[in-house]
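Colleague: Following this message is one structure expressed as structure tokens.
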Amino acid sequence: MILPWHLYLMAVIYIVAGLNHFRNPRLYLKIIPPYLPNPKALNTISGLAEIILGIALIITPLSSIAAWGIIALLVAVFPTHVYMYQNPKARMGLPVWALLLRMPLQLLLMYWAYQYTFL
């Protein structure tokens with residue numbers, strides 16, 4: 001089965017994002033809400049999850065499972081978007097409108113992943 005190019009694009013986006021967790025961990029540690037335990041471990045876990053799920057997207061037998069995993073990951077990291085909006089120190093200099101836009105963007109990313117849950 002030949003996979004669509006946009007699935008490869010999604011895979012690259014998640015792999016690069018996952019690698020960035022290790023390249024620039026301070027960026028991610030700053031946006032993890034303080035009520036969550038062990039931010040360093042959460043950063044490592046989410047980075048590894050993005051890399052593994054991105055790779056799994058392009059392995060045909062794993063594509064649909066990986067797409068469900070991405071949806072679950074996007075749900076799991078949603079509190080960081082809320083925290084960024086609520087806490088000026090976590091905003092990374094982004095304007096409030098951009099932070100508000102990020103939240104519905106998560107829904108679009110979930111929908112994009114959902115398109116591959118039945119491959």
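Letters for chains follow the order of the structure tokens (A, B, ...), residue numbers begin at 1 for each chain, and ligand numbers begin at 1 in the order shown.
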Identify, on the basis of only C-alpha atoms, every residue whose closest approach to Pro61 (chain A) does not exceed 12 Å; exclude the query and any residue fewer than 2 positions from it along the same chain; express the result as a PyMOL selection string.

Modeller: chain A and resi 1+3+55-59+63-67+116-119

Colleague: Excluding Leu107 (chain A) and any residue of its chain fewer than 5 positions from it, enumerate the residues within 10 Å of it, using only C-alpha atoms, and give them as a ChimeraX atom specification.

Modeller: /A:71,74-75,78,102,112-113

Colleague: What lies within 12 Å of Tyr35 (chain A) using only C-alpha atoms, ignoring chain neighbours under 6 positions off, as a list of chain:residue names?

Modeller: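 Counting only the stated atoms, we get A:Pro79, A:Thr80, A:Tyr83.
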
Colleague: Output N, CA, C and O atoms for every residue in that selection, as an mmCIF file, in the first residue's frame.

Modeller:
```cif
data_model
loop_
_atom_site.group_PDB
_atom_site.id
_atom_site.type_symbol
_atom_site.label_atom_id
_atom_site.label_comp_id
_atom_site.auth_asym_id
_atom_site.auth_seq_id
_atom_site.Cartn_x
_atom_site.Cartn_y
_atom_site.Cartn_z
ATOM 1 N N PRO A 79 -3.478 20.369 28.365
ATOM 2 C CA PRO A 79 -3.302 21.265 29.514
ATOM 3 C C PRO A 79 -2.141 22.247 29.362
ATOM 4 O O PRO A 79 -2.188 23.340 29.929
ATOM 5 N N THR A 80 -1.134 21.911 28.586
ATOM 6 C CA THR A 80 -0.037 22.866 28.390
ATOM 7 C C THR A 80 -0.511 24.100 27.639
ATOM 8 O O THR A 80 -0.060 25.207 27.913
ATOM 9 N N TYR A 83 -2.434 26.193 30.115
ATOM 10 C CA TYR A 83 -1.474 26.801 31.043
ATOM 11 C C TYR A 83 -0.742 27.968 30.380
ATOM 12 O O TYR A 83 -0.559 29.021 30.997
#
```

Colleague: Rounded to one decimal, what separation in Å do you get between CA of His21 (chain A) and CA of Thr60 (chain A)?

Modeller: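 These atoms are spaced 25.9 Å apart.
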
Colleague: Could you pull out the alpha helix (DSSP H) residues of chain A, going by DSSP on the backbone, and write them as a ChimeraX atom specification?

Modeller: /A:5-23,25-29,39-57,63-76,78-86,96-114

Colleague: Write out as a ChimeraX atom specification each polymer residue whose atoms come within 9 Å of region 23-34 of chain A, counting only C-alpha atoms; drop sequence neighbours fewer than 6 positions from it.

Modeller: /A:40,42-44,77,79-84,87,89-92

Colleague: Please report the interatomic distance between CA of Leu109 (chain A) and CA of Ile45 (chain A) in Å with one decimal.

Modeller: 19.6 Å
